[in-house]
Amino acid sequence: MDYEAVIGLEVHVQLNTKSKMFTRVSTGFGKSPNTLTNPVVLGLPGALPVMNRDAIEKSIKVGLLLSCKIAEVCKWDRKNYFYPDMPKNYQISQFDQPICEGGEVEIEMPGDSPSEIGSHRIVQLTRIHLEEDVGKLTHYESDSLVDYNRAGCPLLEIVSEPDLYSPEEVFAYLTSLRNSLVSAEISPCDMEKGQLRCDANISIRPVGTSTLGTKVELKNLNTISGVKNGVEYEIRRQTKALNEGETIIQETRRWNPDQKYTTPMRTKEMAHDYRYFPDPDLMPVKIDPEWVNRISKDLPEKPFDKQRRYMEEMNIPYTSTSALCGDRPLCEYFEKAASHCSAPSKVANWVVNDLLREVSHSEKDQQGVNLENCPVSPESLAELVNLIEDGVVSNNVAKEIFPEMYASRKSAKTLIAEKGLEMKSDGDEIETLCAQAISNDPDAADKFRGGKEGAINALKGSVMKATRGQANPKIVDETLRRLLLP
Amino acid sequence: MTDHSEIFTLTGSELSDGLASGQFSSEEVTKSYLSRIKEVDDKVHAFLSYDEEDMLDQAKSSDQRRASGKILGPLDGVPVCLKDVISAKGQPLTAASKILEKYRSPYDATVTIKLKKAGVVVGGRLNLDEFAMGSSTENSAYGPTCNPWDLGRVPGGSSGGSSAAVAAREAPLTLGSDTGGSIRQPASLCGVVGMKPTYGRVSRYGLAAFASSLDQIGPFSQTVEDTAQLLEIISGHDPLDSTSYPTPVPSFSNEIRQPFKPCKLGLPKEFFGTGMDDDVRKSIEQSIQWYRDKGYELVEISLPTTELSIPVYYVIATAEASSNLARYDGIRYTSRSEHAENAIDVYAKSRGEGFGEEVKRRCILGAYGLSSGYYDAYYLRAQKTRTLIRNDFDKAFEQVDAILTPTSPTPAFKFGEKSEDPISMYLSDIYTISTNLAGLPGISIPCGFTENGLPIGMQLIGQAFEEGKLLSIAHDYDRELQLGRSQPSL
């Protein structure tokens, strides 16, 4: 029988607030163990939580970005279970009154080729709620150590409907979600650092049926490709099981990325009763519509909306837009440069190819080159593209000098002047060189005259070579044609 | 007062006056209490620990401040001792539990900071029922406290150490915590004044939680005047406690000195039914007559949900406790069982060995009430009933300014008399519990003695955040009768 998979994702995102969810201790990654703590983080007797307003604000922002319904009132509940990574043995979370309900994530599937746009679809969300993160356990042979630096950091859980139907869609969903959250400066979403974590609920059903099969929750999906591989494996496992007459049991399984298979963690019977109840230490949060309004005015453009605008209004090719739109600072750089230039699509091309190449080179040497102090300012890049467009400098020469602009912070104009690289547009000089080229290569000239259009390129090449690439290609082309076919 | 050997008998305001006039120093005061503790605490066992050196250092600092004319307030140099659930930096906090035997608090509770800022000598750690769960102090893992009026009887609880210390004159002022009567009931049984403020008036930051939505810290003293003074110091909004209320704190000590016009007091008929000891009834009736004679209007009111308050309380308080006490797990700062072989063992055995019977009973009860399938029938229903209880009080306060009741149905009972029967123990809080459920302020003041010489307390319940009025009504009576000044012979 043919089966189709139905997948829902629970994505945990660490908010990049300065302090923790319920106390004024810094958040941070890579600090010495247990240095980002205080009585509240450690759950000492008498310590009490106080809500971080910024975390609420960021959650509202995410909710608006994903078209959720923002709650008028949300509240805090305790999720009770014993685990050593959780100092209080309960987690402050939101049970029945989450901060956001509903919502949607637009996804794009791969196109027929990398340069072609793929199909788009809306994936429905169930809810988004805010909670506190737990600490990190490290297991050794006879001991386990716990680091509470991460404990109490604000964590947003974004729960999708069972509305994804293939590992590719799961991948597209996570990519889109990450682009939205990174571009809205909600979180860097670095999975390696645990800033974005994901559990998947997976079931399969015969194609053409609509009831959901028994779901399996998959954990330990620590990279985006791990999510894809884990989901792929689990669908295969379930399909094989059903085809062999077995039944799927409701359980939690763990993805083992090295061995590439899933293993059982616990069954439904072993599931926790979390004994949720409203946290008496915290008041419910009333969210003023004015507050939501204010945040919505500051909302960044959604990445796919931006992409559509670039393609439709600025005529930027799809490939450039897909490289740009996941990266908000890069888009800001691009838009600034484009505003100083008559050829935005060329600017886009420069940004996603040449600029990114230089940035990634320099980032290898030194940490944290960001686009704000980029050695080539957007205005400077725009000037370079304008010089090409105005025929002052050839594209090839521009490509040559760009790394130098980046290294020296000099403007294109300065470098061109220093090196005498202006394009040669002097008609007489070019005509002499063209005539020479024709007489040096009569074969090519004959072929062109005989109707072989491509033969002209050889002649152009020799003129360019003679001018070290500085001859204006447009004038060379016109002159050659005039001399060859008078 | 020139006889320094009797300093420990003084009230807070007398100590304040004596320090101000230079009759004695804070060091002398502190030494007087320390020697009193050494003299009588073997019998009373109000203290779990005290840091003599630290107290004397604080006293000397106070004397230096006074010498340079920079005292921090009227109670500068006066000792205040704390129930052993209130954090003081560097001091133990056992909550009278084995599980916290080795813990020392690395931080000050907000009330402790406020006391230090007022120049108070923050004193020893007072006994209680383990994690404030109980009404007799018999549930302390470190042995019970005895009632200074009759060492064979309980001091009440859970803040039995705090009430006994004041009654035995081992401290002029103490702090306790009240979740269902844990300040007022022991104050009543020990013949001292004890007050639970409005929920949200005093910060809970640094108070080891029993039931978060009910717990409040409050003062004990010999007089209402002292309680007003101490409450004034510890009150106020705290940004570290989301449930503390951002309302200004009036000067209660000034307020009670103002002329006070007799007002209207309510007598809830449900509180005067069966189950009340005859001596208690007699004494309360005399107090009612006293108020009537003073021109107060006494009217019968009804609080029909009174009988529901005990079941509602035991569902809500135990539910919150089951979650609040989960952190005591043997992993970090709590004692770990030596018999644990794996992670589950660490939890089960550390808690099994570290907690006493009553704490375990309440954790299990509370977890049950929150379990899936039972939540709606127990916890949710209890919360809804709690709203009805609050509504009852709101309605009553449309008619009256305060409510007068006995604090406890009986005077101090004998050790073991109720400890085998949890339900009868729970009933000793029948008059105090609804106040916590409604979040209202309540005060117990001594109003008489039984034929056997055991103290009896009267409770006055006020409107939310109207502690000033409540204290004035109490002070009117206490100023004249001063029954808290009576001293047991030890």
# chains A, B, ... in the order shown; residues from 1 in each chain; ligands from 1
>>> select_by_dssp(residues="segment 190-229 of chain B", states="strand (DSSP E or B)", output="PyMOL selection string")
chain B and resi 193-196+202+207+216-221
>>> interface_residues(of="chain B", to="chain A", cutoff="6 Å", atoms="only C-alpha atoms", output="ChimeraX atom specification")
/B:205-209,212-213,242,326-327,370-371
>>> residues_around(residues="segment 267-271 of chain A", least_positions_apart="5", cutoff="10 Å", atoms="only C-alpha atoms", output="ChimeraX atom specification")
/A:216-217,249-253
>>> residues_around(residues="segment 32-35 of chain B", least_positions_apart="2", cutoff="7 Å", atoms="only C-alpha atoms", output="MDAnalysis selection string")
chainID B and resid 5 7:8 28:30 37:39 170:171
>>> residues_around(residues="Ser113 of chain A", least_positions_apart="5", cutoff="12 Å", atoms="only C-alpha atoms", output="VMD selection string")
chain A and resid 118 318 to 319
>>> select_by_dssp(residues="segment 167-259 of chain A", states="alpha helix (DSSP H)", output="ChimeraX atom specification")
/A:167-183,224-243
>>> residues_around(residues="Leu72 of chain B", least_positions_apart="3", cutoff="12 Å", atoms="only C-alpha atoms", output="ChimeraX atom specification")
/B:16,20,61-66,68-69,75-78,114-121,233
>>> write_last_selection(atoms="N, CA, C and O atoms", output="CSV table (one decimal), in the first residue's frame")
chain,number,residue,atom,x,y,z
B,16,SER,N,13.3,51.1,72.0
B,16,SER,CA,13.6,52.2,71.2
B,16,SER,C,13.8,53.5,72.0
B,16,SER,O,14.8,54.2,71.8
B,20,ALA,N,17.3,55.5,72.7
B,20,ALA,CA,17.4,56.9,72.3
B,20,ALA,C,17.8,57.8,73.5
B,20,ALA,O,18.6,58.7,73.3
B,61,SER,N,27.6,48.0,65.5
B,61,SER,CA,27.4,48.9,64.4
B,61,SER,C,26.3,49.9,64.7
B,61,SER,O,26.4,51.1,64.4
B,62,SER,N,25.2,49.4,65.3
B,62,SER,CA,24.1,50.2,65.6
B,62,SER,C,24.5,51.3,66.7
B,62,SER,O,24.2,52.5,66.5
B,63,ASP,N,25.3,50.8,67.7
B,63,ASP,CA,25.8,51.8,68.7
B,63,ASP,C,26.7,52.9,68.1
B,63,ASP,O,26.6,54.0,68.5
B,64,GLN,N,27.5,52.4,67.1
B,64,GLN,CA,28.4,53.4,66.4
B,64,GLN,C,27.5,54.4,65.7
B,64,GLN,O,27.8,55.6,65.7
B,65,ARG,N,26.5,53.9,65.0
B,65,ARG,CA,25.6,54.9,64.2
B,65,ARG,C,25.0,55.9,65.2
B,65,ARG,O,24.9,57.0,64.9
B,66,ARG,N,24.5,55.3,66.3
B,66,ARG,CA,23.8,56.2,67.3
B,66,ARG,C,24.8,57.2,67.8
B,66,ARG,O,24.5,58.4,68.0
B,68,SER,N,27.3,58.5,66.3
B,68,SER,CA,27.5,59.6,65.4
B,68,SER,C,26.2,60.2,64.9
B,68,SER,O,26.2,61.0,63.9
B,69,GLY,N,25.1,59.9,65.6
B,69,GLY,CA,23.9,60.6,65.3
B,69,GLY,C,23.2,60.2,64.0
B,69,GLY,O,22.5,61.0,63.3
B,75,LEU,N,13.7,51.6,65.3
B,75,LEU,CA,14.1,50.2,65.8
B,75,LEU,C,15.6,50.0,65.6
B,75,LEU,O,16.0,48.8,65.7
B,76,ASP,N,16.4,51.0,65.3
B,76,ASP,CA,17.8,50.8,65.1
B,76,ASP,C,18.4,50.3,66.4
B,76,ASP,O,18.2,50.8,67.5
B,77,GLY,N,19.0,49.1,66.3
B,77,GLY,CA,19.6,48.5,67.5
B,77,GLY,C,18.7,47.5,68.3
B,77,GLY,O,19.1,46.9,69.2
B,78,VAL,N,17.5,47.4,67.8
B,78,VAL,CA,16.5,46.5,68.5
B,78,VAL,C,16.6,45.1,67.7
B,78,VAL,O,16.5,45.1,66.5
B,114,LYS,N,15.1,45.1,54.3
B,114,LYS,CA,14.4,46.2,54.9
B,114,LYS,C,14.7,46.3,56.4
B,114,LYS,O,14.9,47.4,56.9
B,115,LEU,N,14.8,45.2,57.1
B,115,LEU,CA,15.2,45.2,58.5
B,115,LEU,C,16.6,45.8,58.7
B,115,LEU,O,16.8,46.7,59.5
B,116,LYS,N,17.5,45.4,57.9
B,116,LYS,CA,18.9,45.8,58.0
B,116,LYS,C,19.0,47.3,57.7
B,116,LYS,O,19.7,48.1,58.3
B,117,LYS,N,18.2,47.8,56.7
B,117,LYS,CA,18.2,49.2,56.4
B,117,LYS,C,17.6,50.0,57.5
B,117,LYS,O,17.8,51.2,57.5
B,118,ALA,N,16.8,49.4,58.3
B,118,ALA,CA,16.2,50.1,59.5
B,118,ALA,C,17.1,50.0,60.7
B,118,ALA,O,16.7,50.5,61.8
B,119,GLY,N,18.2,49.4,60.5
B,119,GLY,CA,19.2,49.3,61.6
B,119,GLY,C,18.9,48.2,62.6
B,119,GLY,O,19.6,48.1,63.6
B,120,VAL,N,17.9,47.3,62.3
B,120,VAL,CA,17.5,46.3,63.2
B,120,VAL,C,18.7,45.3,63.4
B,120,VAL,O,19.5,45.0,62.5
B,121,VAL,N,18.8,44.7,64.6
B,121,VAL,CA,19.8,43.6,64.8
B,121,VAL,C,19.0,42.3,64.4
B,121,VAL,O,18.1,41.9,65.0
B,233,ILE,N,7.9,48.8,58.7
B,233,ILE,CA,9.3,48.6,58.2
B,233,ILE,C,9.3,47.6,57.1
B,233,ILE,O,10.0,47.7,56.1
>>> closest_residue(among="A:Arg197, A:Arg266, A:Arg178, A:His129", to="Glu157 of chain A", atoms="only C-alpha atoms")
A:His129
>>> residues_around(residues="Val166 of chain B", least_positions_apart="3", cutoff="9 Å", atoms="only C-alpha atoms", output="MDAnalysis selection string")
chainID B and resid 161:163 169:174 190 192 220:222
>>> closest_residue(among="A:Val13, A:Val41, A:Met464, A:Ile56", to="Val159 of chain A", atoms="only C-alpha atoms")
A:Val13
>>> closest_residue(among="A:Val105, A:Ala71, A:Val359, A:Ala458", to="Ile158 of chain A", atoms="only C-alpha atoms")
A:Val105
>>> atom_distance(atom1="atom CA of Lys452 of chain A", atom2="atom CA of Ile388 of chain A")
29.0 Å
>>> decode(residues="segment 440-471 of chain A", atoms="N, CA and C atoms", output="JSON list (two decimals), in the first residue's frame")
[["chain", "number", "residue", "atom", "x", "y", "z"],
["A", 440, "ASN", "N", 44.96, 40.58, -38.87],
["A", 440, "ASN", "CA", 45.71, 39.49, -38.23],
["A", 440, "ASN", "C", 44.97, 38.16, -38.29],
["A", 441, "ASP", "N", 43.64, 38.20, -38.40],
["A", 441, "ASP", "CA", 42.85, 36.96, -38.36],
["A", 441, "ASP", "C", 41.83, 36.95, -39.50],
["A", 442, "PRO", "N", 42.28, 36.87, -40.72],
["A", 442, "PRO", "CA", 41.36, 36.95, -41.86],
["A", 442, "PRO", "C", 40.35, 35.80, -41.83],
["A", 443, "ASP", "N", 40.76, 34.65, -41.28],
["A", 443, "ASP", "CA", 39.87, 33.50, -41.18],
["A", 443, "ASP", "C", 38.56, 33.85, -40.48],
["A", 444, "ALA", "N", 38.75, 34.41, -39.28],
["A", 444, "ALA", "CA", 37.59, 34.78, -38.47],
["A", 444, "ALA", "C", 36.75, 35.80, -39.21],
["A", 445, "ALA", "N", 37.41, 36.77, -39.84],
["A", 445, "ALA", "CA", 36.69, 37.81, -40.56],
["A", 445, "ALA", "C", 35.84, 37.18, -41.66],
["A", 446, "ASP", "N", 36.42, 36.22, -42.38],
["A", 446, "ASP", "CA", 35.68, 35.57, -43.46],
["A", 446, "ASP", "C", 34.47, 34.80, -42.93],
["A", 447, "LYS", "N", 34.72, 34.07, -41.86],
["A", 447, "LYS", "CA", 33.63, 33.28, -41.27],
["A", 447, "LYS", "C", 32.46, 34.18, -40.86],
["A", 448, "PHE", "N", 32.81, 35.31, -40.24],
["A", 448, "PHE", "CA", 31.75, 36.22, -39.81],
["A", 448, "PHE", "C", 30.97, 36.75, -41.02],
["A", 449, "ARG", "N", 31.77, 37.12, -42.03],
["A", 449, "ARG", "CA", 31.10, 37.64, -43.25],
["A", 449, "ARG", "C", 30.23, 36.55, -43.87],
["A", 450, "GLY", "N", 30.67, 35.31, -43.69],
["A", 450, "GLY", "CA", 29.89, 34.19, -44.22],
["A", 450, "GLY", "C", 28.67, 33.86, -43.36],
["A", 451, "GLY", "N", 28.43, 34.65, -42.34],
["A", 451, "GLY", "CA", 27.20, 34.47, -41.56],
["A", 451, "GLY", "C", 27.39, 33.80, -40.21],
["A", 452, "LYS", "N", 28.63, 33.52, -39.84],
["A", 452, "LYS", "CA", 28.84, 32.88, -38.55],
["A", 452, "LYS", "C", 29.05, 33.95, -37.48],
["A", 453, "GLU", "N", 27.94, 34.28, -36.80],
["A", 453, "GLU", "CA", 27.91, 35.39, -35.86],
["A", 453, "GLU", "C", 28.97, 35.26, -34.76],
["A", 454, "GLY", "N", 29.16, 34.05, -34.27],
["A", 454, "GLY", "CA", 30.09, 33.85, -33.15],
["A", 454, "GLY", "C", 31.54, 34.16, -33.48],
["A", 455, "ALA", "N", 31.87, 34.20, -34.76],
["A", 455, "ALA", "CA", 33.27, 34.41, -35.13],
["A", 455, "ALA", "C", 33.77, 35.79, -34.73],
["A", 456, "ILE", "N", 32.86, 36.70, -34.54],
["A", 456, "ILE", "CA", 33.26, 38.07, -34.18],
["A", 456, "ILE", "C", 33.96, 38.12, -32.81],
["A", 457, "ASN", "N", 33.62, 37.12, -31.97],
["A", 457, "ASN", "CA", 34.18, 37.13, -30.62],
["A", 457, "ASN", "C", 35.70, 37.00, -30.58],
["A", 458, "ALA", "N", 36.22, 36.23, -31.50],
["A", 458, "ALA", "CA", 37.67, 36.09, -31.56],
["A", 458, "ALA", "C", 38.33, 37.44, -31.84],
["A", 459, "LEU", "N", 37.69, 38.20, -32.75],
["A", 459, "LEU", "CA", 38.24, 39.51, -33.11],
["A", 459, "LEU", "C", 38.14, 40.46, -31.93],
["A", 460, "LYS", "N", 36.97, 40.43, -31.25],
["A", 460, "LYS", "CA", 36.79, 41.28, -30.06],
["A", 460, "LYS", "C", 37.86, 40.96, -29.02],
["A", 461, "GLY", "N", 38.09, 39.65, -28.85],
["A", 461, "GLY", "CA", 39.06, 39.21, -27.85],
["A", 461, "GLY", "C", 40.43, 39.77, -28.11],
["A", 462, "SER", "N", 40.83, 39.80, -29.35],
["A", 462, "SER", "CA", 42.18, 40.28, -29.58],
["A", 462, "SER", "C", 42.28, 41.79, -29.38],
["A", 463, "VAL", "N", 41.17, 42.53, -29.68],
["A", 463, "VAL", "CA", 41.18, 43.97, -29.40],
["A", 463, "VAL", "C", 41.27, 44.19, -27.87],
["A", 464, "MET", "N", 40.47, 43.43, -27.14],
["A", 464, "MET", "CA", 40.48, 43.59, -25.68],
["A", 464, "MET", "C", 41.85, 43.26, -25.11],
["A", 465, "LYS", "N", 42.45, 42.22, -25.69],
["A", 465, "LYS", "CA", 43.76, 41.81, -25.21],
["A", 465, "LYS", "C", 44.78, 42.94, -25.42],
["A", 466, "ALA", "N", 44.68, 43.54, -26.60],
["A", 466, "ALA", "CA", 45.62, 44.61, -26.92],
["A", 466, "ALA", "C", 45.44, 45.81, -25.99],
["A", 467, "THR", "N", 44.22, 45.99, -25.48],
["A", 467, "THR", "CA", 43.99, 47.14, -24.58],
["A", 467, "THR", "C", 43.95, 46.73, -23.13],
["A", 468, "ARG", "N", 44.39, 45.56, -22.83],
["A", 468, "ARG", "CA", 44.34, 45.00, -21.49],
["A", 468, "ARG", "C", 42.94, 45.15, -20.88],
["A", 469, "GLY", "N", 41.95, 44.86, -21.78],
["A", 469, "GLY", "CA", 40.57, 44.85, -21.29],
["A", 469, "GLY", "C", 39.94, 46.21, -21.14],
["A", 470, "GLN", "N", 40.66, 47.25, -21.51],
["A", 470, "GLN", "CA", 40.12, 48.58, -21.23],
["A", 470, "GLN", "C", 39.30, 49.18, -22.36],
["A", 471, "ALA", "N", 39.29, 48.51, -23.54],
["A", 471, "ALA", "CA", 38.50, 49.09, -24.64],
["A", 471, "ALA", "C", 37.02, 48.94, -24.34]]
